[in-house]
Number of protein chains: 2
Amino acid sequence: MRTEFDFINNLKKKYTLNHIGDDCAVLPKDSETDLVITTDLIVEDIDFRLDWTTPELVGAKTLAVSLSDIAAMGAEPKWALLSIGIPANIWDSDFVDRFYDGWFTLARHYEVELVGGDISRTPEKIVFDSIVAGEVIKGKAILRSGAMPGDSIYVTGALGGAFGGLMLLESGFRYSNSSKRHQEIIAKQLRPVPQLASGKYLSEHGIATAMIDLSDGLSSDLRHLCQASGVGARIYAKDIPILPALSEVTVAKDQMMALGINGGEDFELLFTSKEKNLSSLNLPDAQRIGEITENVGRIEVIAGNEITCLQPGGYRHF
Amino acid sequence: MRTEFDFINNLKKKYTLNHIGDDCAVLPKDSETDLVITTDLIVEDIDFRLDWTTPELVGAKTLAVSLSDIAAMGAEPKWALLSIGIPANIWDSDFVDRFYDGWFTLARHYEVELVGGDISRTPEKIVFDSIVAGEVIKGKAILRSGAMPGDSIYVTGALGGAFGGLMLLESGFRYSNSSKRHQEIIAKQLRPVPQLASGKYLSEHGIATAMIDLSDGLSSDLRHLCQASGVGARIYAKDIPILPALSEVTVAKDQMMALGINGGEDFELLFTSKEKNLSSLNLPDAQRIGEITENVGRIEVIAGNEITCLQPGGYRHF
């Protein structure tokens with residue numbers, strides 16, 4: 001079965017689509033500014049389950065995943081559109097009002113204006129399409145394609161939490177009746193934080209040569225970045241920042257590492273930087289995890305004396 | 001039960017949304033140009049049925065409904081994003097390839113570039129979100145809110161065809177094994193034509209004071225335009241252009257009129273114009289159907305000596 005990544009690559013070739021392949025499309029706005037824009041489809045029982053979360057959190061996460069794409073370009077979010085598809089029984093409940101409450105609470109925080117949208121009935125399941133546009137200084141959007149051999153590879157924050165939270169939810173744990181440590185992990189799944197300040201900092205200071213947000217998982221997203229840049233990568237297991245609370249999910253060190261490498265939806269930033277720029281890198285939560293190599297398509301993980309080649313293990317729809 | 005229109009009006013008030021309420025949001029682009037942008041959610045078994053159409057036609061209609069919103073602003077379409085949600089069994093078929101074939105055929109015709117999108121799995125039904133952006137000379141976008149008492153009301157094309165086509169499809173008729181007359185009607189439902197040339201003409205020549213596309217039906221859309229403009233309207237039944245082929249669907253004159261007034265999805269343009277501009281109106285398929293009045297919220301239909309007040313009778317999701 002073809003993956004969605006193969007499908008998109010074929011589409012790009014077949015129809016000569018030059019703006020496709022980054023977290024956002026970058027389009028000229030005026031003489032000083034580029035517009036960046038992204039769309040994310042959020043589907044009930046694929047991306048969220050009503051009995052795992054609250055309508056407010058679904059609203060906030062629907063916006064947050066798109067803000068994360070804006071962050072990955074080093075841009076600042078400006079406005080949004082929101083299409084919602086709702087079954088009749090949900091329309092009659094307070095779900096939609098509470099959903100918008102959550103959406104607008106986050107939107108106000110980041111000064112994002114809702115400028116349009118659509119409302120439709122659906123036969124059964126809820127669906128949202130979140131469209132967010134941002135602005136960046138002309139030519140300063142950070143693409144996936146700018147990494148060069150020798151560049152250092154960084155991630156912000158700690159990894160694996162969102163997937164650990166998903167495991168807890170799937171095992172029957174709920175935020176409201178969980179321990180503090182479990183709540184910390186579940187919150188990573190239900191309440192992701194877009195790394196807008198870090199993204200903008202990296203763009204404004206010209207530090208990052210390439211960037212992507214960690215939505216599919218480090219193994220998949222590092223591969224996307226390497227493919228776009230035509231390079232390979234070497235990362236060091238000991239340097240990958242795993243969320244400490246994940247020891248609540250598994251005590252096995254290699255399983256914790258697998259969560260950090262393959263778990264999606266952390267919405268942290270993965271970026272590359274040249275050695276000469278590192279002196280000006282003042283991002284306390286950024287951690288160097290490896291370097292870009294010339295071995296096109298090869299992603300090595302160094303763990304002690306062992307070298308393994310990383311297979312993409314993140315989330316795929318197909 | 002609250003309608004989606006009530007819901008949107010409440011949302012506008014509650015969150016002070018100033019860009020919402022037209023076919024597209026209008027946003028400043030550069031010193032000479034405004035950006036217009038729209039989003040339309042298209043849901044299987046609500047907006048289309050797989051056994052009534054072809055994947056290519058679904059692709060083309062998904063784009064066409066958004067192009068119609070661009071036309072209603074008097075703008076020119078430029079680029080698009082497309083989110084698709086697909087169940088696993090459909091992903092394995094040729095549906096998605098054929099859908100994009102249809103989408104791109106129309107996109108090439110209107111020189112629309114696909115710049116982004118998202119692909120997700122869905123549990124059961126297909127869903128699309130179509131986002132299209134266009135450009136218009138700064139300040140020249142035609143809003144719903146510009147109609148003044150005394151303005152003439154016009155529609156392009158002939159009405160009722162799309163709803164007549166829906167009736168035929170619901171009655172078991174299919175395009176492939178229908179008569180030429182039935183095919184003409186069914187095509188209005190399956191293959192709508194966005195009125196981009198007319199929209200642009202009206203904007204460039206400064207003829208229209210207000211405009212909306214006929215997606216929900218004349219009775220609903222004229223009400224939207226009147227509400228936005230704070231006016232009323234009087235229309236003449238004898239002047240409403242009904243698709244002649246509709247006599248295949250019903251021989252009753254009043255039922256044909258009801259189809260023309262309440263049937264949605266014709267994607268023709270409804271616009272208003274000042275008397276002084278009419279001399280420069282060179283739009284052969286535009287038909288004057290009435291005039292704007294000072295009776296705020298009142299929409300009268302004149303049929304012979306009878307005056308009836310029009311109730312919104314078009315399609316509603318809720």
# chains A, B, ... in the order shown; residues from 1 in each chain; ligands from 1

$ calpha_fit_and_write --fixed "chain B" --moving "chain A" --output "CSV table (one decimal) with C-alpha atoms, in the first residue's frame"
chain,number,residue,atom,x,y,z
A,1,MET,CA,-32.5,24.1,16.8
A,2,ARG,CA,-30.1,26.9,15.9
A,3,THR,CA,-29.2,27.3,12.3
A,4,GLU,CA,-25.6,27.6,11.2
A,5,PHE,CA,-26.4,31.2,10.2
A,6,ASP,CA,-27.5,32.1,13.7
A,7,PHE,CA,-24.5,30.3,15.1
A,8,ILE,CA,-22.1,32.3,12.9
A,9,ASN,CA,-23.8,35.5,13.8
A,10,ASN,CA,-23.4,34.8,17.5
A,11,LEU,CA,-19.8,33.8,17.0
A,12,LYS,CA,-19.2,37.2,15.2
A,13,LYS,CA,-20.6,39.1,18.1
A,14,LYS,CA,-19.1,37.1,20.9
A,15,TYR,CA,-15.5,37.1,19.5
A,16,THR,CA,-15.7,40.4,17.5
A,17,LEU,CA,-14.9,38.9,14.2
A,18,ASN,CA,-14.8,41.7,11.6
A,19,HIS,CA,-13.6,39.7,8.6
A,20,ILE,CA,-16.4,37.1,8.7
A,21,GLY,CA,-19.7,37.4,6.7
A,22,ASP,CA,-18.8,37.4,3.0
A,23,ASP,CA,-18.1,34.7,0.5
A,24,CYS,CA,-14.4,35.3,1.1
A,25,ALA,CA,-12.4,37.0,3.8
A,26,VAL,CA,-10.7,40.1,2.3
A,27,LEU,CA,-7.2,40.8,3.7
A,28,PRO,CA,-4.6,43.3,2.7
A,29,LYS,CA,-1.8,41.9,0.5
A,30,ASP,CA,0.3,44.8,-0.8
A,31,SER,CA,-0.2,48.4,-1.6
A,32,GLU,CA,-2.2,47.6,-4.8
A,33,THR,CA,-3.8,44.2,-4.1
A,34,ASP,CA,-6.2,42.6,-1.6
A,35,LEU,CA,-6.1,38.8,-0.9
A,36,VAL,CA,-9.4,37.0,-0.8
A,37,ILE,CA,-9.7,33.5,0.7
A,38,THR,CA,-12.4,31.0,1.2
A,39,THR,CA,-12.8,27.5,2.7
A,40,ASP,CA,-15.5,24.9,1.8
A,41,LEU,CA,-16.0,21.5,3.6
A,42,ILE,CA,-17.3,18.8,1.2
A,43,VAL,CA,-18.6,15.7,2.9
A,44,GLU,CA,-19.6,12.3,1.4
A,45,ASP,CA,-23.3,11.6,1.6
A,46,ILE,CA,-24.0,15.2,2.5
A,47,ASP,CA,-22.5,17.0,-0.6
A,48,PHE,CA,-22.0,14.1,-2.9
A,49,ARG,CA,-22.8,10.4,-3.3
A,50,LEU,CA,-20.3,8.1,-4.9
A,51,ASP,CA,-22.9,6.2,-6.9
A,52,TRP,CA,-24.3,9.5,-8.4
A,53,THR,CA,-21.1,10.9,-9.9
A,54,THR,CA,-17.5,10.1,-10.8
A,55,PRO,CA,-14.3,10.8,-8.8
A,56,GLU,CA,-13.2,13.3,-11.5
A,57,LEU,CA,-16.5,15.3,-11.2
A,58,VAL,CA,-16.2,15.3,-7.3
A,59,GLY,CA,-12.6,16.7,-7.7
A,60,ALA,CA,-13.8,19.4,-10.1
A,61,LYS,CA,-16.8,20.3,-8.0
A,62,THR,CA,-14.7,20.5,-4.8
A,63,LEU,CA,-12.6,23.2,-6.5
A,64,ALA,CA,-15.6,24.8,-8.4
A,65,VAL,CA,-17.6,25.7,-5.2
A,66,SER,CA,-14.6,27.6,-3.8
A,67,LEU,CA,-13.9,29.3,-7.2
A,68,SER,CA,-17.5,30.5,-7.1
A,69,ASP,CA,-16.8,32.2,-3.8
A,70,ILE,CA,-13.8,33.9,-5.4
A,71,ALA,CA,-16.1,34.9,-8.3
A,72,ALA,CA,-18.6,36.4,-5.9
A,73,MET,CA,-15.9,38.9,-4.6
A,74,GLY,CA,-15.1,39.9,-8.2
A,75,ALA,CA,-11.6,38.5,-7.7
A,76,GLU,CA,-9.3,36.3,-9.7
A,77,PRO,CA,-8.2,32.9,-8.3
A,78,LYS,CA,-4.5,32.3,-7.7
A,79,TRP,CA,-3.7,29.4,-5.4
A,80,ALA,CA,-5.3,26.7,-3.4
A,81,LEU,CA,-4.8,24.2,-0.6
A,82,LEU,CA,-6.7,20.9,-0.4
A,83,SER,CA,-7.2,18.7,2.7
A,84,ILE,CA,-8.5,15.2,2.0
A,85,GLY,CA,-9.8,12.6,4.5
A,86,ILE,CA,-10.1,9.2,3.0
A,87,PRO,CA,-11.2,5.8,4.5
A,88,ALA,CA,-8.6,3.0,4.0
A,89,ASN,CA,-10.7,1.1,1.4
A,90,ILE,CA,-11.1,4.2,-0.8
A,91,TRP,CA,-7.3,4.9,-0.4
A,92,ASP,CA,-6.7,1.5,-2.0
A,93,SER,CA,-8.8,2.2,-5.0
A,94,ASP,CA,-8.2,4.6,-7.9
A,95,PHE,CA,-10.6,7.1,-6.4
A,96,VAL,CA,-7.9,9.6,-5.1
A,97,ASP,CA,-5.9,9.7,-8.4
A,98,ARG,CA,-9.1,10.3,-10.4
A,99,PHE,CA,-10.3,12.9,-7.9
A,100,TYR,CA,-7.0,14.9,-8.3
A,101,ASP,CA,-7.3,14.4,-12.1
A,102,GLY,CA,-10.6,16.2,-12.0
A,103,TRP,CA,-9.4,18.8,-9.6
A,104,PHE,CA,-6.3,19.7,-11.7
A,105,THR,CA,-8.2,19.8,-15.0
A,106,LEU,CA,-10.3,22.6,-13.6
A,107,ALA,CA,-7.4,24.2,-11.8
A,108,ARG,CA,-5.3,24.4,-15.0
A,109,HIS,CA,-8.2,26.0,-16.8
A,110,TYR,CA,-8.4,28.8,-14.3
A,111,GLU,CA,-4.6,28.9,-13.6
A,112,VAL,CA,-4.9,28.0,-10.0
A,113,GLU,CA,-1.8,26.5,-8.3
A,114,LEU,CA,-2.0,23.9,-5.6
A,115,VAL,CA,0.4,25.1,-2.9
A,116,GLY,CA,-0.4,22.9,0.1
A,117,GLY,CA,-2.7,20.4,1.7
A,118,ASP,CA,-3.1,17.6,4.1
A,119,ILE,CA,-4.0,13.9,3.9
A,120,SER,CA,-5.7,12.0,6.7
A,121,ARG,CA,-7.4,8.7,7.2
A,122,THR,CA,-11.1,8.8,8.2
A,123,PRO,CA,-13.0,6.0,9.9
A,124,GLU,CA,-15.8,5.8,7.2
A,125,LYS,CA,-16.7,8.7,5.0
A,126,ILE,CA,-14.7,10.8,2.5
A,127,VAL,CA,-14.2,14.5,3.4
A,128,PHE,CA,-12.5,17.3,1.6
A,129,ASP,CA,-11.7,20.9,2.6
A,130,SER,CA,-11.1,23.2,-0.3
A,131,ILE,CA,-9.3,26.4,0.4
A,132,VAL,CA,-8.9,28.9,-2.5
A,133,ALA,CA,-7.2,32.3,-2.5
A,134,GLY,CA,-7.6,35.0,-5.1
A,135,GLU,CA,-6.5,38.6,-5.7
A,136,VAL,CA,-8.5,41.7,-6.4
A,137,ILE,CA,-7.5,45.4,-6.9
A,138,LYS,CA,-7.3,47.0,-3.4
A,139,GLY,CA,-10.7,48.1,-2.3
A,140,LYS,CA,-12.5,46.6,-5.3
A,141,ALA,CA,-13.7,43.4,-3.7
A,142,ILE,CA,-17.5,43.3,-4.0
A,143,LEU,CA,-19.0,42.7,-0.5
A,144,ARG,CA,-22.5,41.6,0.4
A,145,SER,CA,-23.0,44.8,2.4
A,146,GLY,CA,-23.0,47.4,-0.3
A,147,ALA,CA,-26.6,47.3,-1.6
A,148,MET,CA,-28.7,50.5,-1.3
A,149,PRO,CA,-32.4,51.1,-1.7
A,150,GLY,CA,-33.2,51.7,-5.4
A,151,ASP,CA,-30.4,49.4,-6.6
A,152,SER,CA,-31.5,46.9,-9.2
A,153,ILE,CA,-31.1,43.2,-8.4
A,154,TYR,CA,-29.6,40.8,-11.0
A,155,VAL,CA,-28.8,37.2,-11.4
A,156,THR,CA,-26.6,35.5,-14.0
A,157,GLY,CA,-27.6,32.4,-15.9
A,158,ALA,CA,-30.7,30.3,-15.2
A,159,LEU,CA,-31.8,29.0,-11.8
A,160,GLY,CA,-33.1,25.7,-10.3
A,161,GLY,CA,-31.0,23.3,-12.5
A,162,ALA,CA,-28.8,22.1,-9.7
A,163,PHE,CA,-31.7,21.3,-7.4
A,164,GLY,CA,-33.6,19.7,-10.3
A,165,GLY,CA,-30.6,17.5,-11.0
A,166,LEU,CA,-30.5,16.5,-7.4
A,167,MET,CA,-34.2,15.5,-7.6
A,168,LEU,CA,-33.5,13.4,-10.7
A,169,LEU,CA,-30.5,11.7,-9.0
A,170,GLU,CA,-32.6,11.0,-5.9
A,171,SER,CA,-35.3,9.5,-8.1
A,172,GLY,CA,-32.8,7.0,-9.5
A,173,PHE,CA,-31.9,8.7,-12.8
A,174,ARG,CA,-28.1,8.7,-13.6
A,175,TYR,CA,-26.2,10.9,-16.1
A,176,SER,CA,-24.9,8.0,-18.2
A,177,ASN,CA,-28.3,6.5,-19.0
A,178,SER,CA,-30.5,9.6,-19.2
A,179,SER,CA,-32.0,11.6,-22.0
A,180,LYS,CA,-30.2,14.7,-23.3
A,181,ARG,CA,-32.7,16.9,-21.4
A,182,HIS,CA,-32.1,15.0,-18.2
A,183,GLN,CA,-28.4,15.1,-18.7
A,184,GLU,CA,-28.5,18.9,-19.1
A,185,ILE,CA,-30.2,19.1,-15.6
A,186,ILE,CA,-28.1,16.5,-13.9
A,187,ALA,CA,-24.9,18.2,-15.2
A,188,LYS,CA,-26.0,21.4,-13.4
A,189,GLN,CA,-25.8,19.4,-10.1
A,190,LEU,CA,-22.6,17.5,-10.8
A,191,ARG,CA,-20.6,20.0,-12.9
A,192,PRO,CA,-21.2,23.5,-11.7
A,193,VAL,CA,-19.4,26.4,-13.5
A,194,PRO,CA,-18.0,29.2,-11.3
A,195,GLN,CA,-18.9,32.6,-12.8
A,196,LEU,CA,-15.4,34.0,-12.6
A,197,ALA,CA,-15.4,36.0,-15.8
A,198,SER,CA,-18.7,37.7,-14.8
A,199,GLY,CA,-17.5,38.4,-11.3
A,200,LYS,CA,-14.3,40.0,-12.5
A,201,TYR,CA,-16.1,42.0,-15.2
A,202,LEU,CA,-18.5,43.4,-12.5
A,203,SER,CA,-15.6,44.3,-10.2
A,204,GLU,CA,-13.3,45.9,-12.9
A,205,HIS,CA,-16.1,48.0,-14.3
A,206,GLY,CA,-17.4,49.1,-10.8
A,207,ILE,CA,-20.9,47.9,-11.7
A,208,ALA,CA,-22.0,45.8,-8.7
A,209,THR,CA,-22.7,47.4,-5.4
A,210,ALA,CA,-23.1,44.1,-3.6
A,211,MET,CA,-22.7,40.4,-4.7
A,212,ILE,CA,-23.1,36.9,-3.4
A,213,ASP,CA,-23.0,33.5,-5.1
A,214,LEU,CA,-26.1,31.4,-5.3
A,215,SER,CA,-25.0,28.4,-3.2
A,216,ASP,CA,-27.8,28.1,-0.6
A,217,GLY,CA,-30.6,29.2,-3.0
A,218,LEU,CA,-32.0,32.6,-4.2
A,219,SER,CA,-34.3,32.9,-1.2
A,220,SER,CA,-31.5,32.3,1.3
A,221,ASP,CA,-28.7,34.2,-0.5
A,222,LEU,CA,-30.8,37.3,-1.3
A,223,ARG,CA,-31.6,37.3,2.5
A,224,HIS,CA,-27.9,37.1,3.4
A,225,LEU,CA,-27.2,40.0,1.0
A,226,CYS,CA,-30.1,42.1,2.4
A,227,GLN,CA,-29.1,41.4,6.0
A,228,ALA,CA,-25.5,42.4,5.3
A,229,SER,CA,-26.6,45.6,3.6
A,230,GLY,CA,-29.4,46.4,6.1
A,231,VAL,CA,-32.0,46.6,3.3
A,232,GLY,CA,-35.1,44.8,1.9
A,233,ALA,CA,-35.8,43.6,-1.6
A,234,ARG,CA,-38.7,43.2,-4.1
A,235,ILE,CA,-38.4,40.6,-6.9
A,236,TYR,CA,-40.7,39.8,-9.8
A,237,ALA,CA,-41.6,36.1,-10.3
A,238,LYS,CA,-42.0,36.6,-14.1
A,239,ASP,CA,-38.4,37.9,-14.4
A,240,ILE,CA,-36.7,35.1,-12.5
A,241,PRO,CA,-34.8,33.0,-15.1
A,242,ILE,CA,-35.7,29.4,-14.6
A,243,LEU,CA,-33.8,26.7,-16.5
A,244,PRO,CA,-36.2,25.8,-19.3
A,245,ALA,CA,-35.2,22.1,-19.1
A,246,LEU,CA,-36.7,22.0,-15.6
A,247,SER,CA,-40.1,21.3,-17.3
A,248,GLU,CA,-38.7,17.7,-17.5
A,249,VAL,CA,-38.8,17.6,-13.7
A,250,THR,CA,-42.2,19.2,-13.1
A,251,VAL,CA,-44.8,20.6,-15.4
A,252,ALA,CA,-46.4,22.7,-12.6
A,253,LYS,CA,-45.3,26.3,-13.1
A,254,ASP,CA,-45.4,27.1,-9.4
A,255,GLN,CA,-43.1,24.2,-8.6
A,256,MET,CA,-40.7,25.3,-11.3
A,257,MET,CA,-40.7,28.7,-9.7
A,258,ALA,CA,-40.1,27.2,-6.2
A,259,LEU,CA,-37.1,25.3,-7.6
A,260,GLY,CA,-35.7,28.5,-9.0
A,261,ILE,CA,-36.2,30.4,-5.8
A,262,ASN,CA,-35.2,27.8,-3.2
A,263,GLY,CA,-32.9,25.4,-5.1
A,264,GLY,CA,-29.3,25.8,-4.0
A,265,GLU,CA,-26.0,25.0,-5.7
A,266,ASP,CA,-26.6,26.8,-9.0
A,267,PHE,CA,-23.4,28.8,-8.3
A,268,GLU,CA,-24.7,31.7,-10.4
A,269,LEU,CA,-24.1,35.3,-9.2
A,270,LEU,CA,-26.6,37.5,-7.5
A,271,PHE,CA,-25.7,41.2,-7.5
A,272,THR,CA,-27.0,44.6,-7.2
A,273,SER,CA,-26.3,47.7,-9.3
A,274,LYS,CA,-27.1,51.4,-9.4
A,275,GLU,CA,-29.3,52.7,-12.2
A,276,LYS,CA,-26.5,55.0,-13.5
A,277,ASN,CA,-24.2,52.0,-14.0
A,278,LEU,CA,-26.7,49.9,-16.0
A,279,SER,CA,-25.8,51.5,-19.3
A,280,SER,CA,-22.3,50.0,-19.0
A,281,LEU,CA,-23.6,46.6,-18.0
A,282,ASN,CA,-22.7,44.3,-20.8
A,283,LEU,CA,-23.3,40.9,-19.4
A,284,PRO,CA,-25.6,39.0,-21.8
A,285,ASP,CA,-26.6,36.3,-19.3
A,286,ALA,CA,-27.5,38.8,-16.4
A,287,GLN,CA,-31.2,39.2,-15.8
A,288,ARG,CA,-32.8,42.0,-13.7
A,289,ILE,CA,-35.2,40.4,-11.2
A,290,GLY,CA,-36.1,43.2,-8.9
A,291,GLU,CA,-34.9,46.1,-6.8
A,292,ILE,CA,-33.6,46.8,-3.3
A,293,THR,CA,-36.0,48.5,-0.9
A,294,GLU,CA,-35.9,50.3,2.4
A,295,ASN,CA,-38.0,47.6,4.1
A,296,VAL,CA,-35.2,46.1,6.2
A,297,GLY,CA,-35.4,42.3,6.3
A,298,ARG,CA,-38.5,42.1,4.1
A,299,ILE,CA,-38.2,40.3,0.8
A,300,GLU,CA,-41.3,40.5,-1.4
A,301,VAL,CA,-42.1,38.4,-4.4
A,302,ILE,CA,-44.5,40.0,-6.9
A,303,ALA,CA,-46.4,37.4,-9.0
A,304,GLY,CA,-49.2,39.2,-11.0
A,305,ASN,CA,-51.2,41.1,-8.5
A,306,GLU,CA,-50.1,39.0,-5.6
A,307,ILE,CA,-47.4,40.0,-3.1
A,308,THR,CA,-45.9,37.3,-0.9
A,309,CYS,CA,-43.1,37.6,1.6
A,310,LEU,CA,-40.3,35.3,0.9
A,311,GLN,CA,-39.1,32.9,3.6
A,312,PRO,CA,-35.6,31.5,3.4
A,313,GLY,CA,-36.1,28.1,1.8
A,314,GLY,CA,-32.7,27.1,0.6
A,315,TYR,CA,-30.4,24.4,2.0
A,316,ARG,CA,-29.5,24.4,5.6
A,317,HIS,CA,-27.1,22.0,7.3
A,318,PHE,CA,-28.8,22.6,10.7

$ select_by_dssp --residues "range 184-311 of chain A" --states "alpha helix (DSSP H)" --output "number ranges by chain"
A: 184-190, 196-204, 218-229, 253-262
